[in-house]
Amino acid sequence: MPTTSLKMLDRADFADHDWGNTSLGPCETWSRQLHYMCDLILGSKQPMFMLWGPDRAFIYNAAYQAIWKISSLNTLGRPIEQVAGKIWDELRADIERVFEGHSFILSNFPIRGEEGEETRYFDFSYTPIPAFEGQPDAVIGVLCISNDVTEFLTSVAVTKEDREVLALTMDNVTEGVALVEHDFTLVLWNQQFRLHFGYEPEDIVSGMNARDLMLITARRGDLGEGDPEAIVDMLMRTIHSTESGTLEVQRQNGTVLSLFRRAVSGGRYLLVSQDVTEARTASRLKDELVSTVSHELRTPLTAISGALGIVSAGAAGDLSAKAERLIEIAQRNSERLIALVNDLLDVDKLHSGRMEFHLEEFDFAELVQLSVEQNLPFAERGGIELKVDLSRKPVIVLSDRHRLLQVLANLISNAVKFSPAGESVTVKLRTNGPQARLSVIDNGAGVPETFRDRLFSRFSQHDSSSTRVQQGTGLGLAICKSIVDQLGGTIWLDTRTSAGATFNVELPLAERT
């Protein structure tokens, strides 16, 4: 077809066209149905054309003219076989079937522009036009509606290419990776993800609902005991309510998997699985070794400390000044070793869930006062003033006295250690809504930002020159967090303070009847 400068078709051009020289004849002789259909396509911005009557007369609108860059309007009303050439030869059989009452769609049809222009792709939908007059079952024409699908096909191609690249990348990582749509449709996964969870190749297919995979895992017992449907429903609710999370799965075959979930763009979820079986086994063996050694050390250390105390008290006779100094050093170090062993045993009990808690209602303020009095000598030795700031009203909690004293002792001793002589440490207790809030506040060097994420990890210590007494075991804050967690509370470092360090503990107040 010619591709010179276009004169776009409008209603005036359409009305002035020389229809008398076409098989349709002058406009005034047309049927009401033909006038109606012409008004329809001329008023639409959607590319449309019609084939009308026995000669298959070609009638189109400006939007369709633009697709093919039809430069001359003399094609209007002419038989389609004279206009379309080879394309008509290809489509004749299908279009003649439309005149018999059938519809069809020609998808992704390429239309090539001039040199340097991109190829456009269109869908053409062909629909029969029944005659309003005459035979009721007769088809008088064919209406074709066109739709430009170039951008859609381009985006599909880009998406396909991106997915191929992503799939190739995923297959070359050691972690299991899967991508899930917001409605839990499984989009992508790698081989490692399938192997981690033991899915057969036929179990996991693109487009399936990830819930079905979770049910397979639950029915094998890999998500714990209980009704598989109920377990999966609970997991689904958790996923819907949180953007990210970590789940540890111990499969029946002994494999331990760490599954990390994170919300990404478009409401999708990225799942990453790691086989942590060896790490968990090593951790368990280490914990068992620490527990065994600690138990074996406690008895002889207690005996050594007791014996040194007896000698220091004069049971073995008078000692020289040098001997007394050596006994004092030995006794202090044996006490430190006993404290370390006790901490190790506490960590082991907390980690294994064997630590016992005895809950009772009591006034938290009285317990705080008691703890301050017990730790006062330690603070005075370091030249630190220990202050207490208590609520005027009773602060009743349902908790474990002994374990809370342990938490208080750790927090107070840490505050004293990291405070310079002449400063003060304040232990404050207030109510905060339905919570009791304990704050231990010091004016020391504070906690470096680089160390904050490891504060409550086992064996974590910050080496600071402001430490006035011997270093601890690095277990105190880890023990505090475990105790507070199991008592239903929270513990954290207040990062808003500009000087020193403030540790807060919140515990639920006892429900009063």
# chains A, B, ... in the order shown; residues from 1 in each chain; ligands from 1
$ residues_around --residues "Gly141 in chain A" --least-positions-apart "3" --cutoff "9 Å" --atoms "only C-alpha atoms" --output "short mmCIF file (atom, residue, chain, number, x, y, z; two decimals) with C-alpha atoms, in the first residue's frame"
data_model
loop_
_atom_site.label_atom_id
_atom_site.label_comp_id
_atom_site.auth_asym_id
_atom_site.auth_seq_id
_atom_site.Cartn_x
_atom_site.Cartn_y
_atom_site.Cartn_z
CA MET A 50 -15.87 -3.77 8.01
CA LEU A 51 -16.32 -6.06 5.05
CA TRP A 52 -19.84 -5.58 3.72
CA GLY A 53 -22.05 -7.51 1.32
CA PRO A 54 -21.31 -10.13 -1.31
CA ARG A 56 -16.79 -7.84 0.78
CA ALA A 57 -16.59 -4.06 0.45
CA VAL A 98 -17.00 -15.53 9.62
CA PHE A 99 -19.60 -14.84 6.91
CA THR A 127 -17.07 -10.95 14.33
CA PRO A 128 -20.07 -11.68 12.01
CA ILE A 129 -22.72 -8.94 11.55
CA PRO A 130 -26.19 -10.53 11.30
CA ALA A 131 -28.63 -8.89 8.88
#
$ select_by_dssp --residues "range 104-332 of chain A" --states "alpha helix (DSSP H)" --output "ChimeraX atom specification"
/A:150-170,191-197,210-219,228-241,277-312,321-332
$ closest_residue --among "A:Leu429, A:Arg220, A:Leu308, A:Ile412" --to "Glu366 in chain A" --atoms "only C-alpha atoms"
A:Leu429
$ closest_residue --among "A:Glu96, A:Glu506, A:Glu248, A:Asp148" --to "Gly489 in chain A" --atoms "only C-alpha atoms"
A:Glu506
$ atom_distance --atom1 "CA of Lys481 in chain A" --atom2 "CA of Leu367 in chain A"
18.5 Å
